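Next comes work30.txt, a file with compact mmCIF, C-alpha atoms and all ligand atoms.
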```
# COMPACT_ATOMS: atom_id res chain seq x y z
CA MET Y 1 0.00 0.00 0.00
CA PRO Y 2 1.40 3.42 -0.84
CA GLN Y 3 2.26 5.60 2.14
CA LEU Y 4 0.84 8.58 0.30
CA ALA Y 5 -1.74 8.36 -2.47
CA ILE Y 6 -2.86 11.45 -4.35
CA ARG Y 7 -5.77 10.98 -6.74
CA ASP Y 8 -6.84 13.47 -9.41
CA LEU Y 9 -6.27 16.44 -7.15
CA ARG Y 10 -7.61 19.75 -8.47
CA LYS Y 11 -7.21 23.24 -7.14
CA SER Y 12 -8.03 26.65 -8.59
CA PHE Y 13 -7.80 30.12 -7.13
CA LYS Y 14 -10.68 32.09 -8.66
CA ASP Y 15 -10.26 31.45 -12.40
CA ALA Y 16 -6.65 30.37 -12.19
CA VAL Y 17 -6.25 26.59 -12.40
CA VAL Y 18 -3.18 25.65 -10.38
CA LEU Y 19 -3.50 21.86 -10.11
CA ASP Y 20 -5.35 20.25 -12.99
CA GLY Y 21 -5.69 16.61 -11.92
CA VAL Y 22 -2.58 15.45 -10.10
CA THR Y 23 -2.11 11.75 -9.31
CA LEU Y 24 0.82 10.14 -7.50
CA ASP Y 25 1.63 7.17 -5.26
CA VAL Y 26 4.58 7.37 -2.90
CA GLU Y 27 5.73 4.04 -1.44
CA PRO Y 28 6.89 3.66 2.18
CA GLY Y 29 10.45 4.96 2.58
CA GLU Y 30 10.47 6.47 -0.89
CA ILE Y 31 11.67 10.00 -1.67
CA VAL Y 32 9.79 11.58 -4.54
CA CYS Y 33 11.07 14.93 -5.75
CA VAL Y 34 8.44 17.29 -7.10
CA PHE Y 35 10.26 19.35 -9.68
CA GLY Y 36 8.93 22.16 -11.79
CA PRO Y 37 9.33 25.80 -12.68
CA SER Y 38 8.42 28.60 -10.31
CA GLY Y 39 4.66 29.03 -10.00
CA ALA Y 40 3.95 25.46 -11.17
CA GLY Y 41 1.92 24.69 -8.03
CA LYS Y 42 4.50 22.74 -6.01
CA THR Y 43 3.86 24.57 -2.74
CA VAL Y 44 0.10 24.40 -3.25
CA LEU Y 45 0.40 20.62 -3.69
CA LEU Y 46 2.32 20.26 -0.40
CA ARG Y 47 -0.20 22.47 1.38
CA LEU Y 48 -3.03 20.26 0.13
CA VAL Y 49 -1.26 17.12 1.35
CA ALA Y 50 -0.60 18.77 4.71
CA GLY Y 51 -4.23 19.86 4.93
CA VAL Y 52 -3.56 23.57 5.42
CA GLU Y 53 -5.29 24.22 2.11
CA THR Y 54 -8.44 22.50 0.82
CA CYS Y 55 -8.72 21.01 -2.65
CA ASP Y 56 -11.62 21.51 -5.07
CA SER Y 57 -11.78 17.79 -5.81
CA GLY Y 58 -9.66 14.66 -5.58
CA VAL Y 59 -8.39 12.46 -2.77
CA VAL Y 60 -5.38 12.46 -0.45
CA ALA Y 61 -4.80 9.20 1.42
CA LEU Y 62 -2.10 8.45 3.98
CA ALA Y 63 -1.28 4.80 4.64
CA GLY Y 64 -4.63 3.83 3.15
CA ARG Y 65 -6.70 6.35 5.14
CA ASP Y 66 -8.61 9.01 3.21
CA VAL Y 67 -7.56 12.28 4.87
CA THR Y 68 -8.95 14.64 2.24
CA GLU Y 69 -11.26 16.23 4.79
CA ALA Y 70 -9.08 15.65 7.87
CA PRO Y 71 -7.63 18.63 9.76
CA PRO Y 72 -3.83 19.05 9.45
CA GLU Y 73 -2.96 18.07 13.03
CA THR Y 74 -4.63 14.68 12.66
CA ARG Y 75 -2.85 13.70 9.46
CA GLY Y 76 0.58 12.75 10.81
CA VAL Y 77 2.40 14.79 8.21
CA GLY Y 78 5.67 16.59 9.01
CA MET Y 79 6.60 19.78 7.22
CA ALA Y 80 9.74 21.82 6.77
CA PHE Y 81 9.60 24.84 4.57
CA GLN Y 82 12.10 27.02 2.80
CA ASN Y 83 13.64 28.99 5.65
CA PHE Y 84 13.72 26.22 8.26
CA ALA Y 85 13.03 28.77 11.02
CA LEU Y 86 14.00 27.73 14.54
CA PHE Y 87 12.66 29.20 17.79
CA PRO Y 88 15.56 31.54 18.70
CA HIS Y 89 15.07 31.48 22.48
CA MET Y 90 15.02 27.68 22.70
CA SER Y 91 17.95 25.24 22.67
CA ALA Y 92 18.42 22.88 19.74
CA PHE Y 93 17.07 20.11 21.99
CA ASP Y 94 13.88 22.03 22.80
CA ASN Y 95 13.44 23.01 19.16
CA ILE Y 96 13.62 19.39 18.09
CA ALA Y 97 11.40 18.29 20.99
CA SER Y 98 8.70 20.88 20.30
CA PRO Y 99 6.33 18.65 18.25
CA LEU Y 100 6.51 15.99 20.99
CA THR Y 101 6.07 18.54 23.77
CA ALA Y 102 3.02 19.90 21.99
CA ARG Y 103 1.62 16.37 22.02
CA ARG Y 104 2.40 16.07 25.74
CA ALA Y 105 4.69 13.07 25.30
CA ALA Y 106 6.43 11.77 28.44
CA PRO Y 107 9.79 13.49 29.14
CA ALA Y 108 11.68 10.18 29.03
CA THR Y 109 10.20 9.39 25.61
CA ILE Y 110 11.06 12.85 24.38
CA LYS Y 111 14.66 12.51 25.53
CA THR Y 112 15.11 9.13 23.85
CA LYS Y 113 13.57 10.24 20.57
CA VAL Y 114 15.41 13.56 20.35
CA GLU Y 115 18.76 11.94 21.12
CA LYS Y 116 18.20 9.23 18.57
CA ILE Y 117 17.32 11.57 15.74
CA ALA Y 118 20.09 14.00 16.74
CA ALA Y 119 22.68 11.23 16.61
CA LEU Y 120 21.44 10.24 13.18
CA LEU Y 121 21.80 13.82 11.95
CA LYS Y 122 25.17 14.27 13.70
CA ILE Y 123 24.06 17.12 15.96
CA GLY Y 124 24.07 15.19 19.26
CA HIS Y 125 26.93 17.37 20.55
CA VAL Y 126 25.13 20.70 20.06
CA LEU Y 127 21.75 19.92 21.58
CA GLU Y 128 22.23 22.40 24.41
CA HIS Y 129 23.20 25.23 22.04
CA ALA Y 130 20.91 28.09 21.11
CA PRO Y 131 20.21 28.54 17.39
CA ARG Y 132 22.59 31.53 17.17
CA GLU Y 133 25.41 29.26 18.34
CA LEU Y 134 24.81 26.76 15.54
CA SER Y 135 26.43 26.79 12.12
CA ASN Y 136 24.10 27.06 9.16
CA GLY Y 137 24.48 23.35 8.50
CA GLN Y 138 23.61 22.53 12.10
CA LYS Y 139 20.56 24.82 11.97
CA GLN Y 140 19.39 23.04 8.86
CA ARG Y 141 19.80 19.67 10.52
CA THR Y 142 18.08 20.83 13.71
CA ALA Y 143 15.05 21.87 11.70
CA LEU Y 144 15.11 18.59 9.81
CA ALA Y 145 15.35 16.70 13.11
CA ARG Y 146 12.30 18.61 14.35
CA ALA Y 147 10.38 17.55 11.26
CA LEU Y 148 11.47 13.92 11.64
CA VAL Y 149 11.19 13.44 15.41
CA ALA Y 150 7.46 12.85 15.46
CA ASP Y 151 7.80 9.95 13.00
CA PRO Y 152 5.61 11.57 10.38
CA LYS Y 153 3.85 9.23 7.99
CA VAL Y 154 4.99 11.57 5.27
CA LEU Y 155 7.60 14.30 5.41
CA LEU Y 156 6.98 17.33 3.23
CA LEU Y 157 10.02 19.40 2.35
CA ASP Y 158 9.48 22.60 0.40
CA ASP Y 159 12.70 23.59 -1.32
CA PRO Y 160 14.68 23.28 1.94
CA LEU Y 161 18.03 24.17 0.39
CA ARG Y 162 16.84 27.20 -1.52
CA ASN Y 163 18.16 29.83 0.85
CA VAL Y 164 21.39 28.21 1.94
CA ASP Y 165 24.80 29.04 0.53
CA ALA Y 166 26.28 27.05 -2.31
CA LYS Y 167 28.73 25.06 -0.18
CA LEU Y 168 26.12 23.90 2.30
CA ARG Y 169 23.68 23.15 -0.50
CA TYR Y 170 26.28 20.95 -2.13
CA GLU Y 171 27.01 19.12 1.14
CA MET Y 172 23.35 18.65 1.99
CA ARG Y 173 22.62 17.38 -1.50
CA LEU Y 174 25.17 14.64 -0.88
CA GLU Y 175 24.06 13.91 2.68
CA LEU Y 176 20.29 14.30 2.64
CA PRO Y 177 19.49 11.12 0.72
CA SER Y 178 21.27 8.91 3.24
CA LEU Y 179 19.89 10.90 6.20
CA LEU Y 180 16.36 10.53 4.90
CA LYS Y 181 16.90 6.87 4.07
CA ALA Y 182 18.36 6.16 7.51
CA SER Y 183 15.36 7.80 9.15
CA GLY Y 184 13.03 5.64 7.06
CA ALA Y 185 10.97 8.71 6.18
CA THR Y 186 8.65 8.78 3.22
CA ALA Y 187 9.18 12.17 1.66
CA LEU Y 188 7.76 14.52 -0.89
CA TYR Y 189 10.60 16.89 -1.63
CA VAL Y 190 10.02 20.05 -3.65
CA THR Y 191 12.87 21.62 -5.57
CA GLN Y 192 13.44 23.94 -8.50
CA ASP Y 193 16.96 22.64 -9.02
CA TYR Y 194 17.14 19.71 -11.41
CA LYS Y 195 20.48 18.53 -10.04
CA GLU Y 196 19.00 18.40 -6.56
CA ALA Y 197 16.02 16.43 -7.87
CA MET Y 198 18.34 13.98 -9.61
CA ALA Y 199 20.58 13.58 -6.56
CA LEU Y 200 17.77 13.14 -4.04
CA GLY Y 201 14.81 11.53 -5.67
CA ASP Y 202 14.14 7.83 -5.93
CA ARG Y 203 11.71 9.18 -8.48
CA ILE Y 204 11.04 12.64 -9.84
CA ALA Y 205 7.55 13.96 -10.54
CA VAL Y 206 7.76 16.75 -13.10
CA LEU Y 207 5.01 19.33 -12.59
CA ILE Y 208 4.28 21.57 -15.57
CA ASP Y 209 1.07 23.54 -16.08
CA GLY Y 210 -0.70 21.87 -13.18
CA ARG Y 211 -0.02 18.30 -14.24
CA PHE Y 212 2.61 15.66 -13.68
CA VAL Y 213 3.96 15.34 -17.21
CA GLN Y 214 6.33 12.56 -16.14
CA VAL Y 215 6.95 10.55 -12.98
CA ALA Y 216 10.03 8.34 -13.26
CA THR Y 217 13.50 7.61 -11.91
CA PRO Y 218 16.13 10.31 -12.49
CA GLY Y 219 17.90 8.12 -15.06
CA ALA Y 220 14.72 7.43 -17.00
CA ILE Y 221 13.78 11.11 -17.05
CA TYR Y 222 17.17 12.03 -18.45
CA ARG Y 223 17.38 9.23 -21.01
CA GLU Y 224 13.71 9.07 -21.95
CA PRO Y 225 12.11 12.45 -21.27
CA ALA Y 226 8.39 12.40 -22.01
CA SER Y 227 8.48 15.62 -23.97
CA ILE Y 228 10.63 18.46 -25.24
CA GLY Y 229 9.56 20.44 -22.17
CA VAL Y 230 10.94 17.79 -19.81
CA ALA Y 231 14.12 17.32 -21.86
CA ARG Y 232 14.84 21.03 -21.64
CA LEU Y 233 14.39 21.11 -17.86
CA PHE Y 234 16.99 18.39 -17.23
CA GLY Y 235 20.53 18.99 -18.42
CA ASP Y 236 23.04 21.78 -18.30
CA PRO Y 237 23.72 23.05 -20.88
CA THR Y 238 20.30 22.22 -22.16
CA VAL Y 239 19.53 19.71 -24.92
CA ASN Y 240 20.13 20.84 -28.54
CA LEU Y 241 16.93 20.77 -30.57
CA ILE Y 242 17.07 20.49 -34.35
CA PRO Y 243 14.01 20.38 -36.63
CA VAL Y 244 14.28 17.31 -38.88
CA GLU Y 245 12.16 15.10 -41.10
CA PRO Y 246 13.42 11.52 -41.10
CA VAL Y 247 13.67 9.93 -44.55
CA ILE Y 248 13.98 6.26 -45.48
CA ARG Y 249 16.87 5.84 -47.92
CA PRO Y 250 18.54 2.72 -49.33
CA GLU Y 251 21.29 2.97 -46.69
CA GLY Y 252 18.82 3.37 -43.82
CA LEU Y 253 16.88 6.03 -41.97
CA THR Y 254 18.46 9.49 -42.20
CA VAL Y 255 17.94 13.12 -41.38
CA HIS Y 256 19.37 16.22 -43.07
CA ILE Y 257 21.45 18.46 -40.89
CA ALA Y 258 23.24 21.49 -42.34
CA GLY Y 259 23.18 19.96 -45.81
CA CYS Y 260 24.66 16.68 -44.61
CA ILE Y 261 23.01 13.30 -44.30
CA VAL Y 262 23.11 11.96 -40.76
CA PRO Y 263 21.94 8.43 -39.95
CA LEU Y 264 19.20 7.70 -37.46
CA SER Y 265 18.50 4.29 -35.94
CA ARG Y 266 16.07 2.16 -37.95
CA ARG Y 267 14.10 1.86 -34.73
CA TYR Y 268 12.71 5.31 -35.60
CA GLU Y 269 11.41 4.26 -39.02
CA HIS Y 270 7.82 4.87 -37.89
CA ALA Y 271 8.73 8.58 -37.71
CA ALA Y 272 9.68 8.78 -41.41
CA GLY Y 273 8.02 11.73 -43.14
CA ARG Y 274 6.91 13.32 -39.87
CA ALA Y 275 7.98 16.79 -38.74
CA CYS Y 276 10.21 16.02 -35.76
CA MET Y 277 12.62 17.62 -33.37
CA LEU Y 278 15.88 15.82 -32.87
CA GLY Y 279 17.14 16.17 -29.29
CA VAL Y 280 20.89 15.94 -28.92
CA ARG Y 281 22.39 16.21 -25.44
CA PRO Y 282 25.67 18.16 -25.44
CA GLU Y 283 27.60 15.07 -24.34
CA ALA Y 284 26.17 13.13 -27.31
CA ILE Y 285 28.06 15.34 -29.78
CA LEU Y 286 31.55 14.10 -30.56
CA VAL Y 287 33.95 16.70 -31.93
CA ASP Y 288 37.19 16.05 -33.75
CA GLU Y 289 39.60 17.92 -35.97
CA SER Y 290 39.41 15.33 -38.76
CA PRO Y 291 36.34 14.27 -40.69
CA MET Y 292 34.42 11.35 -39.18
CA ALA Y 293 32.10 8.78 -40.74
CA ASP Y 294 28.49 10.07 -40.48
CA GLY Y 295 29.82 13.41 -39.29
CA PHE Y 296 29.44 16.93 -40.62
CA PRO Y 297 31.72 19.97 -40.69
CA VAL Y 298 31.33 22.68 -38.08
CA GLU Y 299 33.08 25.85 -37.05
CA LEU Y 300 34.41 25.63 -33.50
CA GLU Y 301 33.66 29.08 -32.15
CA ALA Y 302 34.40 28.89 -28.44
CA VAL Y 303 35.86 26.49 -25.91
CA THR Y 304 34.88 27.04 -22.27
CA PRO Y 305 36.32 24.94 -19.44
CA LEU Y 306 33.64 24.49 -16.79
CA ASN Y 307 34.69 22.51 -13.73
CA GLU Y 308 34.65 18.86 -14.67
CA LYS Y 309 33.73 19.44 -18.30
CA THR Y 310 34.49 21.59 -21.29
CA LEU Y 311 31.80 23.27 -23.38
CA LEU Y 312 32.27 23.64 -27.11
CA LEU Y 313 30.21 26.11 -29.09
CA LEU Y 314 29.81 24.84 -32.64
CA ARG Y 315 28.27 26.43 -35.69
CA ALA Y 316 27.06 24.22 -38.51
CA ASN Y 317 27.17 25.24 -42.19
CA ASP Y 318 23.57 26.43 -42.10
CA GLY Y 319 24.36 28.80 -39.25
CA ARG Y 320 22.80 26.59 -36.56
CA GLU Y 321 24.47 26.74 -33.16
CA LEU Y 322 25.15 23.53 -31.27
CA LEU Y 323 26.53 23.11 -27.77
CA ALA Y 324 28.74 20.12 -27.17
CA SER Y 325 30.40 19.07 -23.94
CA GLU Y 326 33.36 16.86 -23.21
CA ALA Y 327 34.46 15.33 -19.94
CA GLY Y 328 37.60 16.85 -18.47
CA GLU Y 329 39.01 20.36 -18.57
CA ASP Y 330 41.83 19.91 -20.99
CA ALA Y 331 39.74 18.49 -23.80
CA ALA Y 332 42.39 18.31 -26.53
CA PRO Y 333 44.91 21.05 -27.30
CA ARG Y 334 42.22 23.05 -29.00
CA ARG Y 335 41.52 25.03 -30.98
CA HIS Y 336 39.33 27.13 -33.04
CA GLY Y 337 38.21 27.00 -36.62
CA VAL Y 338 37.20 24.08 -38.76
CA ALA Y 339 36.23 20.89 -36.99
CA HIS Y 340 33.86 17.96 -37.42
CA ALA Y 341 30.95 16.80 -35.33
CA ARG Y 342 29.19 13.49 -35.07
CA PHE Y 343 26.18 12.43 -33.00
CA ASP Y 344 26.25 9.36 -30.77
CA PRO Y 345 23.40 7.44 -32.45
CA ASP Y 346 22.39 5.66 -29.24
CA ALA Y 347 21.92 8.90 -27.32
CA LEU Y 348 19.61 10.70 -29.75
CA LEU Y 349 16.10 11.72 -28.76
CA LEU Y 350 13.26 12.22 -31.20
CA PHE Y 351 10.14 14.30 -30.53
CA ASP Y 352 7.00 15.04 -32.48
CA ALA Y 353 7.43 18.67 -33.58
CA ALA Y 354 3.74 19.52 -33.18
CA SER Y 355 2.89 17.91 -29.83
CA GLY Y 356 6.41 18.03 -28.36
CA GLU Y 357 5.97 14.45 -27.17
CA ARG Y 358 8.81 11.99 -27.36
CA ILE Y 359 8.68 9.39 -30.13
CA PRO Y 360 9.99 6.20 -28.53
CA PRO Y 361 12.15 3.94 -30.72
CA LYS Y 362 10.61 0.57 -31.65
CA ALA Y 363 12.09 -2.34 -29.71
P1 LIG M 1 5.52 26.99 -6.80
O1 LIG M 1 5.53 25.83 -7.76
O2 LIG M 1 6.51 28.03 -7.19
O3 LIG M 1 5.65 26.56 -5.37
P2 LIG M 1 2.92 27.83 -5.88
O4 LIG M 1 2.36 26.50 -5.53
O5 LIG M 1 3.38 28.68 -4.76
O6 LIG M 1 4.08 27.68 -6.98
O7 LIG M 1 1.83 28.69 -6.68
C1 LIG M 1 1.20 28.23 -7.84
C2 LIG M 1 0.24 29.27 -8.33
O8 LIG M 1 -0.84 29.41 -7.42
C3 LIG M 1 0.86 30.64 -8.46
O9 LIG M 1 0.38 31.23 -9.64
C4 LIG M 1 0.36 31.38 -7.24
O10 LIG M 1 0.26 32.75 -7.49
C5 LIG M 1 -1.00 30.76 -7.03
N1 LIG M 1 -1.41 30.78 -5.61
C6 LIG M 1 -0.83 30.08 -4.61
N2 LIG M 1 -1.46 30.30 -3.43
C7 LIG M 1 -2.48 31.16 -3.70
C8 LIG M 1 -3.52 31.78 -2.91
N3 LIG M 1 -3.63 31.52 -1.59
N4 LIG M 1 -4.37 32.61 -3.54
C9 LIG M 1 -4.28 32.84 -4.87
N5 LIG M 1 -3.34 32.30 -5.67
C10 LIG M 1 -2.44 31.47 -5.11
MG MG M 2 6.92 27.14 -3.84
```
Would you write out, as structure tokens, the structure that this file holds?
Ligand code: ADP
Ligand code: MG
Amino acid sequence: MPQLAIRDLRKSFKDAVVLDGVTLDVEPGEIVCVFGPSGAGKTVLLRLVAGVETCDSGVVALAGRDVTEAPPETRGVGMAFQNFALFPHMSAFDNIASPLTARRAAPATIKTKVEKIAALLKIGHVLEHAPRELSNGQKQRTALARALVADPKVLLLDDPLRNVDAKLRYEMRLELPSLLKASGATALYVTQDYKEAMALGDRIAVLIDGRFVQVATPGAIYREPASIGVARLFGDPTVNLIPVEPVIRPEGLTVHIAGCIVPLSRRYEHAAGRACMLGVRPEAILVDESPMADGFPVELEAVTPLNEKTLLLLRANDGRELLASEAGEDAAPRRHGVAHARFDPDALLLFDAASGERIPPKA
């Protein structure tokens, strides 16, 4: 049984439809990242699950119990929102204990639970400190401990790393998955950062225009995005999109790019004659100084080292810009001027130009 089941949830504010039929199952212990652009309705969705906002129609069920009409405090949902505010006059211990204190739990129980969760989050040694004596990382963890201490059936996290500095965000992105897994929490985790979604989510639910356009593992979303819209949201630099019309020729299925004939897998033969968009991830473009089989000439206009990779700005003969990326910073003793590009045939994506939906290859 899913720990959280959301069925056809709808919510409008006046005439503005925010959620237009949202459905999702989250299994016990699973972390699902809700990812989408600003204003997509992510916070509204969490507020509906928490019960602090009422839906127009649809069902929210927790561990099999319909809680659609239940008041927030009876749902057993834990929440931590963007700023992770702590009570400034209370110690870390009392901050973490506050949900249990509010429930009038026995002091011995409170002590055991707070110490257990604090040890898990590696803040056992600062429990007597006031918030102002904690580092930003410790504050973050204290707030997370407070959300986890009451054993919520579902933990709702609304972009918790949004307002923290880059270093802490990076550390928490690495640590949070194991912290959440160790706590056994089932979590709905909202983020606007695709890398965070990919690092944290067992699955990612992509919310665009009030609907989940795709719910899948991070790998599946990257390799098999449901639409051009999803493909563009995942990947940095973003996917290259080239209008093409696949043609069946004696040598196989091909597309024309910048006056050159580029092969496409026969598994896309059903797309022949259709107006399509070819999606080429930057890392699927191979660049070399010498001509390559199935390649085409390009002008190499700029080479930008970027941490662990190097970006190459290419211009094809028809003026089209393409962004390629190579692993490593010292990608060849390059170089400007004439070069050649080739697409990795196994990494190509094909979309219907009109609907934007992905055209899956035949098996
Ligand atoms: P995000 O995905 O950035 O978290 P929100 O869920 O906060 O987006 O908001 C989604 C849309 O719903 C926005 O257009 C917002 O203006 C609107 N909205 C949210 N809450 C209310 C409200 N209480 N009254 C009217 N409009 C709201
Ligand atoms: Mg929000």
Can you check which parts of chain Y lie within 6 Å of ligand LIG 1 (chain M)? Per residue, the shortest pair of atoms and distance in Å to one decimal, counting all atoms listed in the file, sorted by chain and number, as CSV.
```
residue,atom,partner,partner_atom,distance
Y:Phe13,CA,M:LIG1,C9,5.0
Y:Val18,CA,M:LIG1,O8,5.3
Y:Ser38,CA,M:LIG1,O2,3.7
Y:Gly39,CA,M:LIG1,O6,3.4
Y:Ala40,CA,M:LIG1,O1,3.8
Y:Gly41,CA,M:LIG1,O4,3.1
Y:Lys42,CA,M:LIG1,O1,3.7
Y:Thr43,CA,M:LIG1,O4,3.7
Y:Val44,CA,M:LIG1,O4,3.8
```
Chain Y near ligand MG 2 (chain M) within 12 Å: what's each residue's closest atom pair and its distance in Å to one decimal, counting all atoms listed in the file, ordered by chain then ascending residue number, as a Markdown table?
```
| residue | atom | partner | partner_atom | distance |
| --- | --- | --- | --- | --- |
| Y:Val34 | CA | M:MG2 | MG | 10.5 |
| Y:Phe35 | CA | M:MG2 | MG | 10.3 |
| Y:Gly36 | CA | M:MG2 | MG | 9.6 |
| Y:Pro37 | CA | M:MG2 | MG | 9.3 |
| Y:Ser38 | CA | M:MG2 | MG | 6.8 |
| Y:Gly39 | CA | M:MG2 | MG | 6.8 |
| Y:Ala40 | CA | M:MG2 | MG | 8.1 |
| Y:Gly41 | CA | M:MG2 | MG | 7.0 |
| Y:Lys42 | CA | M:MG2 | MG | 5.5 |
| Y:Thr43 | CA | M:MG2 | MG | 4.1 |
| Y:Val44 | CA | M:MG2 | MG | 7.4 |
| Y:Leu45 | CA | M:MG2 | MG | 9.2 |
| Y:Leu46 | CA | M:MG2 | MG | 9.0 |
| Y:Arg47 | CA | M:MG2 | MG | 10.0 |
| Y:Phe81 | CA | M:MG2 | MG | 9.1 |
| Y:Gln82 | CA | M:MG2 | MG | 8.4 |
| Y:Asn83 | CA | M:MG2 | MG | 11.8 |
| Y:Leu157 | CA | M:MG2 | MG | 10.4 |
| Y:Asp158 | CA | M:MG2 | MG | 6.7 |
| Y:Asp159 | CA | M:MG2 | MG | 7.2 |
| Y:Pro160 | CA | M:MG2 | MG | 10.4 |
| Y:Arg162 | CA | M:MG2 | MG | 10.2 |
| Y:Tyr189 | CA | M:MG2 | MG | 11.1 |
| Y:Val190 | CA | M:MG2 | MG | 7.7 |
| Y:Thr191 | CA | M:MG2 | MG | 8.3 |
| Y:Gln192 | CA | M:MG2 | MG | 8.6 |
| Y:Leu207 | CA | M:MG2 | MG | 11.9 |
```
Any chance you could export the current selection's C-alpha atoms as a PDB file, keeping the file's coordinate frame?
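Below is the file that was written, part.pdb:
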```pdb
ATOM      1  CA  VAL Y  34       8.440  17.290  -7.100  1.00  0.00           C
ATOM      2  CA  PHE Y  35      10.260  19.350  -9.680  1.00  0.00           C
ATOM      3  CA  GLY Y  36       8.930  22.160 -11.790  1.00  0.00           C
ATOM      4  CA  PRO Y  37       9.330  25.800 -12.680  1.00  0.00           C
ATOM      5  CA  SER Y  38       8.420  28.600 -10.310  1.00  0.00           C
ATOM      6  CA  GLY Y  39       4.660  29.030 -10.000  1.00  0.00           C
ATOM      7  CA  ALA Y  40       3.950  25.460 -11.170  1.00  0.00           C
ATOM      8  CA  GLY Y  41       1.920  24.690  -8.030  1.00  0.00           C
ATOM      9  CA  LYS Y  42       4.500  22.740  -6.010  1.00  0.00           C
ATOM     10  CA  THR Y  43       3.860  24.570  -2.740  1.00  0.00           C
ATOM     11  CA  VAL Y  44       0.100  24.400  -3.250  1.00  0.00           C
ATOM     12  CA  LEU Y  45       0.400  20.620  -3.690  1.00  0.00           C
ATOM     13  CA  LEU Y  46       2.320  20.260  -0.400  1.00  0.00           C
ATOM     14  CA  ARG Y  47      -0.200  22.470   1.380  1.00  0.00           C
ATOM     15  CA  PHE Y  81       9.600  24.840   4.570  1.00  0.00           C
ATOM     16  CA  GLN Y  82      12.100  27.020   2.800  1.00  0.00           C
ATOM     17  CA  ASN Y  83      13.640  28.990   5.650  1.00  0.00           C
ATOM     18  CA  LEU Y 157      10.020  19.400   2.350  1.00  0.00           C
ATOM     19  CA  ASP Y 158       9.480  22.600   0.400  1.00  0.00           C
ATOM     20  CA  ASP Y 159      12.700  23.590  -1.320  1.00  0.00           C
ATOM     21  CA  PRO Y 160      14.680  23.280   1.940  1.00  0.00           C
ATOM     22  CA  ARG Y 162      16.840  27.200  -1.520  1.00  0.00           C
ATOM     23  CA  TYR Y 189      10.600  16.890  -1.630  1.00  0.00           C
ATOM     24  CA  VAL Y 190      10.020  20.050  -3.650  1.00  0.00           C
ATOM     25  CA  THR Y 191      12.870  21.620  -5.570  1.00  0.00           C
ATOM     26  CA  GLN Y 192      13.440  23.940  -8.500  1.00  0.00           C
ATOM     27  CA  LEU Y 207       5.010  19.330 -12.590  1.00  0.00           C
TER      28      LEU Y 207
END
```
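Residues with any atom within 10 Å of Y:Phe93, counting all atoms listed in the file and excluding same-chain neighbours fewer than 4 positions away, are Ala97, Ser98, Ile110, Lys111, Val114, Glu115, Ala118, Ile123, Gly124, Val126, Leu127, Glu128, His129, Ala130, Thr142, Ala145 and Arg146 of chain Y.
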Do you know which residues are at most 12 Å from Y:Tyr268 counting all atoms listed in the file, after dropping those on the same chain fewer than 4 positions away, and could you put them as a PyMOL selection string? chain Y and resi 245-248+252-255+263-264+272-274+276+278+345-346+348-352+358-363
Selection export as a short mmCIF file (atom, residue, chain, number, x, y, z; two decimals), keeping the file's coordinate frame, atoms kept: C-alpha atoms:
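The result, written out as part.cif:
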```
data_model
loop_
_atom_site.label_atom_id
_atom_site.label_comp_id
_atom_site.auth_asym_id
_atom_site.auth_seq_id
_atom_site.Cartn_x
_atom_site.Cartn_y
_atom_site.Cartn_z
CA GLU Y 245 12.16 15.10 -41.10
CA PRO Y 246 13.42 11.52 -41.10
CA VAL Y 247 13.67 9.93 -44.55
CA ILE Y 248 13.98 6.26 -45.48
CA GLY Y 252 18.82 3.37 -43.82
CA LEU Y 253 16.88 6.03 -41.97
CA THR Y 254 18.46 9.49 -42.20
CA VAL Y 255 17.94 13.12 -41.38
CA PRO Y 263 21.94 8.43 -39.95
CA LEU Y 264 19.20 7.70 -37.46
CA ALA Y 272 9.68 8.78 -41.41
CA GLY Y 273 8.02 11.73 -43.14
CA ARG Y 274 6.91 13.32 -39.87
CA CYS Y 276 10.21 16.02 -35.76
CA LEU Y 278 15.88 15.82 -32.87
CA PRO Y 345 23.40 7.44 -32.45
CA ASP Y 346 22.39 5.66 -29.24
CA LEU Y 348 19.61 10.70 -29.75
CA LEU Y 349 16.10 11.72 -28.76
CA LEU Y 350 13.26 12.22 -31.20
CA PHE Y 351 10.14 14.30 -30.53
CA ASP Y 352 7.00 15.04 -32.48
CA ARG Y 358 8.81 11.99 -27.36
CA ILE Y 359 8.68 9.39 -30.13
CA PRO Y 360 9.99 6.20 -28.53
CA PRO Y 361 12.15 3.94 -30.72
CA LYS Y 362 10.61 0.57 -31.65
CA ALA Y 363 12.09 -2.34 -29.71
#
```
Contact residues around Y:Leu144 with all atoms listed in the file at 9 Å, ignoring same-chain residues under 3 positions, as a ChimeraX atom specification: /Y:79-80,84,96,121,139-141,147-149
Would you pick out the contacts of Y:Phe212 at 8 Å or less, using only C-alpha atoms, so that residues sharing its chain but fewer than 5 positions from it are not included, and give the list as a VMD selection string? chain Y and resid 22 to 23 205 to 207
Which residues are close to stretch 220-224 of chain Y, i.e. within 8 Å by all atoms listed in the file, leaving aside same-chain residues fewer than 2 positions away? Reply as a list in words.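 Final neighbour list, sorted by chain and number: Ile204, Gln214, Val215, Ala216, Thr217, Pro218, Ala226, Val230, Ala231, Phe234, Gly235, Ala347, Leu349 and Arg358 of chain Y.
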Point-to-point distance in Å for atom CA of Y:Ser57 and atom CA of Y:Met1: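 Going from atom CA of Y:Met1 over to atom CA of Y:Ser57, I get 22.1 Å.
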Residue with smallest distance to Y:Leu300 - pool Y:Leu48, Y:Leu286, Y:Ala339, Y:Leu322, counting all atoms listed in the file: Y:Ala339
Return the single residue from Y:Arg10, Y:Lys122, Y:Lys195, Y:Arg232 that is closest to Y:Arg169, with distances computed using only C-alpha atoms. Y:Lys195
